[in-house]
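One structure is given here, and the rest of the page talks about it.
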Amino acid sequence: MSWKLKLGRSAAEDSARKATITALATTAAIALCGHLENGDAIQPINDVSHITFGDEAFAQQGASLKYTGSGLLLTKSFTASWAVLHEMLFGAYQDEGNVPVSLAGGAAVAACAYVLDFHLVPKRLTPGFEAHLSKRSLLAIYVVLALALGFGGLRRKV
């Protein structure tokens, strides 16, 4: 089997759609985990803004443009980069409706994201939501990322 790398305008357009789906699903998972564990859906989103504002972000509760807005933008940016990678590597298979390869690709990309987020980058560049969420919630968030990537483009040509 030869690998089918997807590039060009089609990849860019499909990446943009997948990035939106992935960001919405991942953000919803982060908020839901925060709500279920701590009764606060906003806190873990605010935590992501520690990348920009430092440790003061971890103490911010309630929605604000500064912390929540930047947390949402950062989450969108990071999930978009994973969506682009998934689209380049597995988008051709999604176009064919190949669910197993697309889901396996989503799992592989999400696993790379986890390793990068928690084992390769400096603490200042970690997602931040790990400050208020359990390891079980982290697993759930990365499973949602994998599923959003894997299913995020299947509707295109099926």
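Labels for the structure tokens follow display order: chains A, B, ..., residues from 1 in each chain, ligands from 1.
Every protein, DNA or RNA residue with an atom at most 9 Å from A:Ala92, where only C-alpha atoms count and chain neighbours fewer than 5 positions away do not, is listed here: Lys4, Leu5, Lys6, Ala11, Glu87, Gly97 and Asn98 of chain A.
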Kindly export the residues of the current selection with N, CA, C and O atoms, as an mmCIF file, in the first residue's frame.
data_model
loop_
_atom_site.group_PDB
_atom_site.id
_atom_site.type_symbol
_atom_site.label_atom_id
_atom_site.label_comp_id
_atom_site.auth_asym_id
_atom_site.auth_seq_id
_atom_site.Cartn_x
_atom_site.Cartn_y
_atom_site.Cartn_z
ATOM 1 N N LYS A 4 -0.837 8.028 0.788
ATOM 2 C CA LYS A 4 -1.527 9.060 0.020
ATOM 3 C C LYS A 4 -1.466 10.375 0.785
ATOM 4 O O LYS A 4 -2.330 10.661 1.616
ATOM 5 N N LEU A 5 -0.456 11.146 0.536
ATOM 6 C CA LEU A 5 -0.313 12.448 1.177
ATOM 7 C C LEU A 5 -1.241 13.439 0.501
ATOM 8 O O LEU A 5 -1.319 13.485 -0.729
ATOM 9 N N LYS A 6 -1.962 14.224 1.281
ATOM 10 C CA LYS A 6 -2.913 15.192 0.727
ATOM 11 C C LYS A 6 -2.356 16.600 0.916
ATOM 12 O O LYS A 6 -2.087 17.023 2.039
ATOM 13 N N ALA A 11 -6.722 20.280 0.540
ATOM 14 C CA ALA A 11 -6.244 19.974 1.893
ATOM 15 C C ALA A 11 -6.420 21.178 2.809
ATOM 16 O O ALA A 11 -6.828 21.030 3.968
ATOM 17 N N GLU A 87 -5.064 16.045 8.324
ATOM 18 C CA GLU A 87 -5.573 16.181 6.955
ATOM 19 C C GLU A 87 -4.500 15.840 5.930
ATOM 20 O O GLU A 87 -4.770 15.159 4.938
ATOM 21 N N GLY A 97 -13.672 7.624 2.463
ATOM 22 C CA GLY A 97 -14.562 7.030 3.446
ATOM 23 C C GLY A 97 -13.931 5.881 4.199
ATOM 24 O O GLY A 97 -14.630 5.041 4.755
ATOM 25 N N ASN A 98 -12.616 5.833 4.251
ATOM 26 C CA ASN A 98 -11.900 4.756 4.938
ATOM 27 C C ASN A 98 -11.857 5.058 6.437
ATOM 28 O O ASN A 98 -10.919 5.670 6.947
#
Could you tell me, as a short mmCIF file (atom, residue, chain, number, x, y, z; two decimals) with N, CA, C and O atoms, in the first residue's frame, which residues of chain A DSSP assigns to helix (DSSP H, G or I) when given the backbone?
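In the end it all went to out-v5.cif:
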data_model
loop_
_atom_site.label_atom_id
_atom_site.label_comp_id
_atom_site.auth_asym_id
_atom_site.auth_seq_id
_atom_site.Cartn_x
_atom_site.Cartn_y
_atom_site.Cartn_z
N ARG A 9 -4.93 23.06 -2.29
CA ARG A 9 -6.10 23.83 -1.89
C ARG A 9 -7.16 22.97 -1.19
O ARG A 9 -7.74 23.37 -0.19
N SER A 10 -7.40 21.79 -1.72
CA SER A 10 -8.38 20.90 -1.11
C SER A 10 -7.99 20.56 0.32
O SER A 10 -8.84 20.55 1.22
N ALA A 11 -6.72 20.28 0.54
CA ALA A 11 -6.24 19.97 1.89
C ALA A 11 -6.42 21.18 2.81
O ALA A 11 -6.83 21.03 3.97
N ALA A 12 -6.15 22.35 2.30
CA ALA A 12 -6.28 23.57 3.12
C ALA A 12 -7.74 23.82 3.48
O ALA A 12 -8.05 24.13 4.64
N GLU A 13 -8.63 23.68 2.53
CA GLU A 13 -10.05 23.91 2.80
C GLU A 13 -10.60 22.87 3.77
O GLU A 13 -11.33 23.19 4.71
N ASP A 14 -10.25 21.61 3.53
CA ASP A 14 -10.73 20.55 4.42
C ASP A 14 -10.11 20.67 5.81
O ASP A 14 -10.76 20.36 6.81
N SER A 15 -8.87 21.12 5.88
CA SER A 15 -8.21 21.33 7.18
C SER A 15 -8.94 22.40 7.99
O SER A 15 -9.10 22.27 9.20
N ALA A 16 -9.38 23.45 7.33
CA ALA A 16 -10.08 24.53 8.02
C ALA A 16 -11.38 24.03 8.62
O ALA A 16 -11.70 24.35 9.77
N ARG A 17 -12.13 23.23 7.87
CA ARG A 17 -13.38 22.67 8.40
C ARG A 17 -13.09 21.72 9.56
O ARG A 17 -13.75 21.75 10.59
N LYS A 18 -12.10 20.87 9.37
CA LYS A 18 -11.74 19.91 10.42
C LYS A 18 -11.23 20.63 11.66
O LYS A 18 -11.52 20.21 12.79
N ALA A 19 -10.50 21.71 11.48
CA ALA A 19 -9.98 22.48 12.62
C ALA A 19 -11.13 23.04 13.46
O ALA A 19 -11.06 23.04 14.69
N THR A 20 -12.18 23.51 12.81
CA THR A 20 -13.34 24.04 13.54
C THR A 20 -14.03 22.93 14.31
O THR A 20 -14.35 23.10 15.50
N ILE A 21 -14.27 21.80 13.67
CA ILE A 21 -14.91 20.66 14.34
C ILE A 21 -14.06 20.22 15.53
O ILE A 21 -14.58 19.99 16.64
N THR A 22 -12.76 20.10 15.31
CA THR A 22 -11.85 19.63 16.35
C THR A 22 -11.79 20.60 17.52
O THR A 22 -11.82 20.20 18.69
N ALA A 23 -11.72 21.89 17.23
CA ALA A 23 -11.68 22.90 18.30
C ALA A 23 -12.96 22.90 19.12
O ALA A 23 -12.91 22.96 20.35
N LEU A 24 -14.10 22.81 18.45
CA LEU A 24 -15.38 22.80 19.17
C LEU A 24 -15.49 21.56 20.06
O LEU A 24 -15.87 21.66 21.23
N ALA A 25 -15.16 20.40 19.51
CA ALA A 25 -15.27 19.16 20.27
C ALA A 25 -14.30 19.15 21.46
O ALA A 25 -14.68 18.78 22.58
N THR A 26 -13.07 19.57 21.22
CA THR A 26 -12.06 19.55 22.28
C THR A 26 -12.39 20.56 23.37
O THR A 26 -12.29 20.26 24.56
N THR A 27 -12.81 21.75 22.98
CA THR A 27 -13.19 22.77 23.95
C THR A 27 -14.38 22.31 24.78
O THR A 27 -14.42 22.50 26.01
N ALA A 28 -15.34 21.68 24.12
CA ALA A 28 -16.50 21.15 24.86
C ALA A 28 -16.06 20.09 25.86
O ALA A 28 -16.55 20.05 26.99
N ALA A 29 -15.12 19.24 25.46
CA ALA A 29 -14.61 18.21 26.38
C ALA A 29 -13.89 18.83 27.57
O ALA A 29 -14.07 18.39 28.71
N ILE A 30 -13.09 19.84 27.31
CA ILE A 30 -12.37 20.53 28.40
C ILE A 30 -13.37 21.14 29.37
O ILE A 30 -13.26 20.98 30.59
N ALA A 31 -14.37 21.84 28.83
CA ALA A 31 -15.38 22.49 29.67
C ALA A 31 -16.20 21.46 30.44
O ALA A 31 -16.46 21.63 31.64
N LEU A 32 -16.62 20.38 29.79
CA LEU A 32 -17.42 19.36 30.45
C LEU A 32 -16.63 18.69 31.58
O LEU A 32 -17.15 18.49 32.68
N CYS A 33 -15.37 18.38 31.31
CA CYS A 33 -14.54 17.78 32.36
C CYS A 33 -14.39 18.73 33.54
O CYS A 33 -14.46 18.30 34.71
N GLY A 34 -14.18 20.00 33.27
CA GLY A 34 -14.09 20.99 34.34
C GLY A 34 -15.38 21.07 35.15
O GLY A 34 -15.35 21.12 36.39
N HIS A 35 -16.50 21.05 34.45
CA HIS A 35 -17.79 21.11 35.13
C HIS A 35 -18.02 19.86 35.99
O HIS A 35 -18.44 19.96 37.15
N LEU A 36 -17.74 18.70 35.42
CA LEU A 36 -17.97 17.45 36.15
C LEU A 36 -17.04 17.28 37.35
O LEU A 36 -17.46 16.78 38.39
N GLU A 37 -15.80 17.70 37.20
CA GLU A 37 -14.83 17.50 38.29
C GLU A 37 -14.87 18.59 39.34
O GLU A 37 -14.68 18.32 40.52
N ASN A 38 -15.05 19.82 38.90
CA ASN A 38 -14.89 20.96 39.82
C ASN A 38 -16.09 21.90 39.85
O ASN A 38 -16.03 22.93 40.51
N GLN A 43 -12.91 27.45 34.21
CA GLN A 43 -11.56 27.43 34.80
C GLN A 43 -10.53 26.72 33.91
O GLN A 43 -9.47 27.28 33.65
N PRO A 44 -10.79 25.51 33.42
CA PRO A 44 -9.76 24.85 32.61
C PRO A 44 -9.50 25.54 31.27
O PRO A 44 -8.40 25.44 30.72
N ILE A 45 -10.49 26.26 30.78
CA ILE A 45 -10.27 27.05 29.55
C ILE A 45 -9.39 28.25 29.88
O ILE A 45 -8.45 28.56 29.13
N ASN A 46 -9.66 28.89 31.01
CA ASN A 46 -8.80 29.99 31.45
C ASN A 46 -7.36 29.51 31.66
O ASN A 46 -6.41 30.23 31.38
N ASP A 47 -7.22 28.28 32.17
CA ASP A 47 -5.89 27.73 32.45
C ASP A 47 -5.00 27.71 31.21
O ASP A 47 -3.79 27.87 31.31
N VAL A 48 -5.60 27.50 30.04
CA VAL A 48 -4.82 27.45 28.81
C VAL A 48 -4.10 28.78 28.56
O VAL A 48 -2.99 28.80 28.02
N HIS A 50 -2.39 30.41 30.44
CA HIS A 50 -1.11 30.53 31.16
C HIS A 50 0.05 30.64 30.17
O HIS A 50 1.10 31.19 30.51
N ILE A 51 -0.15 30.15 28.97
CA ILE A 51 0.88 30.26 27.93
C ILE A 51 1.19 31.72 27.67
O ILE A 51 2.35 32.10 27.50
N THR A 52 0.17 32.55 27.68
CA THR A 52 0.33 33.98 27.41
C THR A 52 0.57 34.78 28.69
O THR A 52 1.42 35.66 28.72
N PHE A 53 -0.18 34.47 29.75
CA PHE A 53 -0.19 35.32 30.94
C PHE A 53 0.53 34.73 32.15
O PHE A 53 0.55 35.35 33.21
N GLY A 54 1.09 33.55 32.02
CA GLY A 54 1.82 32.95 33.13
C GLY A 54 0.89 32.34 34.16
O GLY A 54 -0.30 32.14 33.93
N ASP A 55 1.45 32.06 35.32
CA ASP A 55 0.73 31.33 36.37
C ASP A 55 -0.49 32.06 36.91
O ASP A 55 -1.37 31.43 37.50
N GLU A 56 -0.60 33.36 36.70
CA GLU A 56 -1.78 34.08 37.19
C GLU A 56 -3.06 33.55 36.54
O GLU A 56 -4.14 33.65 37.11
N ALA A 57 -2.94 32.95 35.37
CA ALA A 57 -4.12 32.40 34.68
C ALA A 57 -4.77 31.28 35.48
O ALA A 57 -5.98 31.09 35.42
N PHE A 58 -3.97 30.53 36.24
CA PHE A 58 -4.51 29.40 37.01
C PHE A 58 -5.46 29.84 38.11
O PHE A 58 -6.26 29.04 38.59
N ALA A 59 -5.39 31.08 38.54
CA ALA A 59 -6.25 31.58 39.61
C ALA A 59 -7.50 32.28 39.09
O ALA A 59 -8.36 32.68 39.88
N LEU A 65 -12.66 38.18 28.79
CA LEU A 65 -12.06 38.28 27.46
C LEU A 65 -10.58 37.94 27.52
O LEU A 65 -10.06 37.20 26.68
N LYS A 66 -9.91 38.44 28.56
CA LYS A 66 -8.47 38.24 28.67
C LYS A 66 -8.10 36.77 28.80
O LYS A 66 -7.30 36.25 28.03
N TYR A 67 -8.66 36.07 29.77
CA TYR A 67 -8.25 34.70 30.05
C TYR A 67 -9.06 33.67 29.25
O TYR A 67 -8.47 32.79 28.63
N THR A 68 -10.36 33.79 29.28
CA THR A 68 -11.19 32.82 28.55
C THR A 68 -11.03 33.00 27.05
O THR A 68 -10.87 32.02 26.31
N GLY A 69 -11.05 34.25 26.61
CA GLY A 69 -10.88 34.52 25.18
C GLY A 69 -9.55 34.02 24.65
O GLY A 69 -9.49 33.36 23.61
N SER A 70 -8.48 34.31 25.38
CA SER A 70 -7.18 33.84 24.90
C SER A 70 -7.06 32.33 25.04
O SER A 70 -6.45 31.67 24.19
N GLY A 71 -7.68 31.74 26.07
CA GLY A 71 -7.68 30.29 26.21
C GLY A 71 -8.38 29.63 25.03
O GLY A 71 -7.92 28.61 24.50
N LEU A 72 -9.49 30.21 24.62
CA LEU A 72 -10.22 29.68 23.46
C LEU A 72 -9.41 29.82 22.18
O LEU A 72 -9.35 28.89 21.36
N LEU A 73 -8.78 30.96 21.99
CA LEU A 73 -7.96 31.18 20.79
C LEU A 73 -6.76 30.24 20.75
O LEU A 73 -6.42 29.69 19.69
N LEU A 74 -6.13 30.05 21.89
CA LEU A 74 -4.99 29.14 21.94
C LEU A 74 -5.42 27.70 21.67
O LEU A 74 -4.75 26.98 20.92
N THR A 75 -6.54 27.29 22.25
CA THR A 75 -7.05 25.94 22.00
C THR A 75 -7.36 25.76 20.52
O THR A 75 -7.01 24.74 19.92
N LYS A 76 -7.99 26.74 19.92
CA LYS A 76 -8.29 26.69 18.49
C LYS A 76 -7.00 26.58 17.67
O LYS A 76 -6.91 25.78 16.73
N SER A 77 -5.99 27.34 18.03
CA SER A 77 -4.72 27.32 17.30
C SER A 77 -4.06 25.95 17.38
O SER A 77 -3.59 25.42 16.38
N PHE A 78 -4.01 25.40 18.58
CA PHE A 78 -3.34 24.11 18.75
C PHE A 78 -4.10 22.99 18.06
O PHE A 78 -3.51 22.15 17.40
N THR A 79 -5.43 22.97 18.24
CA THR A 79 -6.19 21.92 17.59
C THR A 79 -6.16 22.07 16.07
O THR A 79 -6.18 21.08 15.35
N ALA A 80 -6.07 23.31 15.59
CA ALA A 80 -5.97 23.53 14.14
C ALA A 80 -4.69 22.94 13.59
O ALA A 80 -4.67 22.35 12.50
N SER A 81 -3.59 23.07 14.33
CA SER A 81 -2.33 22.51 13.83
C SER A 81 -2.41 20.99 13.74
O SER A 81 -1.91 20.39 12.78
N TRP A 82 -3.09 20.36 14.71
CA TRP A 82 -3.25 18.90 14.65
C TRP A 82 -4.20 18.51 13.53
O TRP A 82 -4.02 17.47 12.88
N ALA A 83 -5.20 19.34 13.28
CA ALA A 83 -6.13 19.06 12.17
C ALA A 83 -5.42 19.14 10.82
O ALA A 83 -5.66 18.31 9.94
N VAL A 84 -4.53 20.10 10.67
CA VAL A 84 -3.76 20.21 9.42
C VAL A 84 -2.89 18.98 9.23
O VAL A 84 -2.84 18.39 8.14
N LEU A 85 -2.21 18.57 10.28
CA LEU A 85 -1.36 17.38 10.19
C LEU A 85 -2.19 16.14 9.83
O LEU A 85 -1.83 15.37 8.94
N HIS A 86 -3.31 15.97 10.51
CA HIS A 86 -4.17 14.82 10.21
C HIS A 86 -4.67 14.88 8.78
O HIS A 86 -4.70 13.86 8.07
N GLU A 87 -5.06 16.04 8.32
CA GLU A 87 -5.57 16.18 6.96
C GLU A 87 -4.50 15.84 5.93
O GLU A 87 -4.77 15.16 4.94
N MET A 88 -3.29 16.30 6.16
CA MET A 88 -2.20 16.00 5.22
C MET A 88 -1.92 14.50 5.18
O MET A 88 -1.71 13.94 4.09
N LEU A 89 -1.90 13.85 6.33
CA LEU A 89 -1.52 12.44 6.39
C LEU A 89 -2.68 11.47 6.13
O LEU A 89 -2.46 10.38 5.60
N PHE A 90 -3.89 11.86 6.52
CA PHE A 90 -5.01 10.92 6.46
C PHE A 90 -6.23 11.44 5.71
O PHE A 90 -7.22 10.74 5.58
N GLY A 91 -6.16 12.67 5.21
CA GLY A 91 -7.30 13.27 4.52
C GLY A 91 -7.72 12.53 3.27
O GLY A 91 -8.92 12.42 2.97
N ALA A 92 -6.77 12.00 2.51
CA ALA A 92 -7.12 11.24 1.30
C ALA A 92 -7.93 10.00 1.67
O ALA A 92 -8.85 9.62 0.93
N TYR A 93 -7.62 9.41 2.80
CA TYR A 93 -8.35 8.23 3.25
C TYR A 93 -9.75 8.62 3.72
O TYR A 93 -10.71 7.88 3.51
N GLN A 94 -9.86 9.79 4.35
CA GLN A 94 -11.18 10.28 4.73
C GLN A 94 -12.01 10.55 3.49
O GLN A 94 -13.20 10.26 3.47
N ASP A 95 -11.39 11.12 2.47
CA ASP A 95 -12.11 11.39 1.23
C ASP A 95 -12.70 10.11 0.64
O ASP A 95 -13.75 10.13 0.00
N VAL A 99 -12.89 4.61 7.13
CA VAL A 99 -13.05 4.91 8.56
C VAL A 99 -11.91 4.34 9.41
O VAL A 99 -11.37 5.06 10.26
N PRO A 100 -11.52 3.09 9.24
CA PRO A 100 -10.45 2.56 10.10
C PRO A 100 -9.14 3.33 10.01
O PRO A 100 -8.52 3.63 11.03
N VAL A 101 -8.73 3.68 8.79
CA VAL A 101 -7.47 4.43 8.65
C VAL A 101 -7.62 5.84 9.21
O VAL A 101 -6.73 6.36 9.89
N SER A 102 -8.77 6.45 8.98
CA SER A 102 -9.00 7.81 9.49
C SER A 102 -8.98 7.83 11.02
O SER A 102 -8.37 8.71 11.64
N LEU A 103 -9.64 6.86 11.64
CA LEU A 103 -9.66 6.80 13.11
C LEU A 103 -8.29 6.45 13.68
O LEU A 103 -7.88 7.02 14.70
N ALA A 104 -7.60 5.51 13.03
CA ALA A 104 -6.24 5.18 13.47
C ALA A 104 -5.35 6.42 13.36
O ALA A 104 -4.52 6.68 14.25
N GLY A 105 -5.52 7.18 12.29
CA GLY A 105 -4.76 8.42 12.14
C GLY A 105 -5.10 9.43 13.22
O GLY A 105 -4.22 10.11 13.75
N GLY A 106 -6.40 9.53 13.56
CA GLY A 106 -6.80 10.43 14.65
C GLY A 106 -6.15 10.03 15.96
O GLY A 106 -5.67 10.89 16.72
N ALA A 107 -6.12 8.73 16.23
CA ALA A 107 -5.48 8.24 17.45
C ALA A 107 -3.99 8.52 17.45
O ALA A 107 -3.42 8.94 18.47
N ALA A 108 -3.34 8.32 16.31
CA ALA A 108 -1.89 8.56 16.21
C ALA A 108 -1.56 10.04 16.40
O ALA A 108 -0.63 10.39 17.14
N VAL A 109 -2.33 10.91 15.77
CA VAL A 109 -2.08 12.34 15.91
C VAL A 109 -2.38 12.81 17.33
O VAL A 109 -1.61 13.59 17.90
N ALA A 110 -3.46 12.32 17.93
CA ALA A 110 -3.77 12.70 19.32
C ALA A 110 -2.69 12.20 20.28
O ALA A 110 -2.33 12.90 21.23
N ALA A 111 -2.16 11.01 20.03
CA ALA A 111 -1.07 10.49 20.86
C ALA A 111 0.17 11.38 20.72
O ALA A 111 0.84 11.68 21.73
N CYS A 112 0.46 11.81 19.51
CA CYS A 112 1.59 12.74 19.30
C CYS A 112 1.34 14.05 20.05
O CYS A 112 2.26 14.60 20.66
N ALA A 113 0.11 14.54 19.99
CA ALA A 113 -0.24 15.77 20.70
C ALA A 113 -0.01 15.61 22.20
O ALA A 113 0.57 16.50 22.84
N TYR A 114 -0.44 14.49 22.75
CA TYR A 114 -0.25 14.24 24.19
C TYR A 114 1.23 14.21 24.55
O TYR A 114 1.65 14.85 25.53
N VAL A 115 2.01 13.47 23.79
CA VAL A 115 3.45 13.36 24.08
C VAL A 115 4.10 14.74 24.00
O VAL A 115 4.88 15.13 24.88
N LEU A 116 3.78 15.49 22.97
CA LEU A 116 4.34 16.84 22.83
C LEU A 116 3.90 17.72 23.99
O LEU A 116 4.72 18.38 24.63
N ASP A 117 2.59 17.71 24.27
CA ASP A 117 2.03 18.59 25.30
C ASP A 117 2.57 18.33 26.70
O ASP A 117 2.73 19.27 27.49
N PHE A 118 2.84 17.08 27.03
CA PHE A 118 3.20 16.77 28.41
C PHE A 118 4.60 16.21 28.62
O PHE A 118 5.02 16.03 29.76
N HIS A 119 5.32 15.96 27.53
CA HIS A 119 6.65 15.36 27.70
C HIS A 119 7.76 16.06 26.93
O HIS A 119 8.92 15.81 27.21
N LEU A 120 7.41 16.91 25.98
CA LEU A 120 8.46 17.51 25.15
C LEU A 120 8.57 19.03 25.25
O LEU A 120 9.63 19.57 25.04
N LYS A 123 7.13 23.54 30.58
CA LYS A 123 5.89 23.67 31.36
C LYS A 123 5.06 24.87 30.92
O LYS A 123 3.83 24.79 30.88
N ARG A 124 5.69 25.94 30.55
CA ARG A 124 4.97 27.15 30.12
C ARG A 124 4.14 26.91 28.86
O ARG A 124 3.18 27.64 28.60
N LEU A 125 4.48 25.90 28.10
CA LEU A 125 3.76 25.63 26.85
C LEU A 125 2.82 24.43 26.93
O LEU A 125 2.23 24.04 25.92
N PHE A 129 -4.72 23.10 31.27
CA PHE A 129 -5.91 22.56 31.91
C PHE A 129 -5.61 21.39 32.84
O PHE A 129 -6.41 21.04 33.70
N GLU A 130 -4.41 20.83 32.72
CA GLU A 130 -4.02 19.75 33.63
C GLU A 130 -3.89 20.25 35.08
O GLU A 130 -3.89 19.44 36.02
N ALA A 131 -3.82 21.57 35.27
CA ALA A 131 -3.73 22.12 36.62
C ALA A 131 -5.00 21.87 37.43
O ALA A 131 -4.93 21.77 38.66
N LYS A 135 -6.12 13.05 35.57
CA LYS A 135 -5.55 12.28 34.45
C LYS A 135 -6.66 11.62 33.64
O LYS A 135 -6.56 11.48 32.43
N ARG A 136 -7.72 11.23 34.30
CA ARG A 136 -8.86 10.63 33.59
C ARG A 136 -9.49 11.65 32.64
O ARG A 136 -9.85 11.31 31.50
N SER A 137 -9.60 12.89 33.07
CA SER A 137 -10.12 13.93 32.19
C SER A 137 -9.17 14.22 31.03
O SER A 137 -9.61 14.45 29.91
N LEU A 138 -7.88 14.20 31.32
CA LEU A 138 -6.91 14.40 30.24
C LEU A 138 -7.06 13.32 29.18
O LEU A 138 -7.07 13.60 27.98
N LEU A 139 -7.22 12.08 29.62
CA LEU A 139 -7.44 10.98 28.69
C LEU A 139 -8.70 11.23 27.87
O LEU A 139 -8.69 11.08 26.64
N ALA A 140 -9.77 11.64 28.52
CA ALA A 140 -11.02 11.91 27.81
C ALA A 140 -10.85 13.01 26.76
O ALA A 140 -11.35 12.89 25.63
N ILE A 141 -10.13 14.05 27.10
CA ILE A 141 -9.91 15.17 26.17
C ILE A 141 -9.13 14.70 24.94
O ILE A 141 -9.49 15.03 23.80
N TYR A 142 -8.11 13.90 25.14
CA TYR A 142 -7.31 13.44 24.00
C TYR A 142 -8.05 12.36 23.19
O TYR A 142 -7.84 12.26 21.98
N VAL A 143 -8.94 11.61 23.83
CA VAL A 143 -9.80 10.68 23.08
C VAL A 143 -10.77 11.47 22.21
O VAL A 143 -10.99 11.14 21.04
N VAL A 144 -11.34 12.54 22.75
CA VAL A 144 -12.22 13.40 21.95
C VAL A 144 -11.44 14.01 20.79
O VAL A 144 -11.94 14.07 19.66
N LEU A 145 -10.21 14.46 21.03
CA LEU A 145 -9.38 14.98 19.95
C LEU A 145 -9.20 13.93 18.87
O LEU A 145 -9.37 14.21 17.67
N ALA A 146 -8.88 12.70 19.26
CA ALA A 146 -8.68 11.62 18.29
C ALA A 146 -9.95 11.36 17.48
O ALA A 146 -9.88 11.23 16.24
N LEU A 147 -11.08 11.31 18.14
CA LEU A 147 -12.34 11.05 17.45
C LEU A 147 -12.74 12.21 16.54
O LEU A 147 -13.22 11.99 15.43
N ALA A 148 -12.53 13.43 17.01
CA ALA A 148 -12.86 14.60 16.18
C ALA A 148 -12.00 14.62 14.92
O ALA A 148 -12.49 14.93 13.83
N LEU A 149 -10.73 14.30 15.07
CA LEU A 149 -9.85 14.23 13.89
C LEU A 149 -10.28 13.08 12.98
O LEU A 149 -10.39 13.25 11.76
N GLY A 150 -10.53 11.93 13.55
CA GLY A 150 -10.87 10.75 12.77
C GLY A 150 -12.19 10.83 12.05
O GLY A 150 -12.33 10.36 10.92
N PHE A 151 -13.18 11.44 12.70
CA PHE A 151 -14.51 11.56 12.08
C PHE A 151 -14.73 12.93 11.44
O PHE A 151 -15.68 13.10 10.70
#
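Taking atom CA of A:Gln60 and atom CA of A:Val121 as endpoints, the distance between them is 23.3 Å.
Coordinates place atom CA of A:Leu133 at a distance of 11.3 Å from atom CA of A:Gly39.
What separates atom CA of A:Gln61 from atom CA of A:Ala41 is a distance of 9.6 Å.
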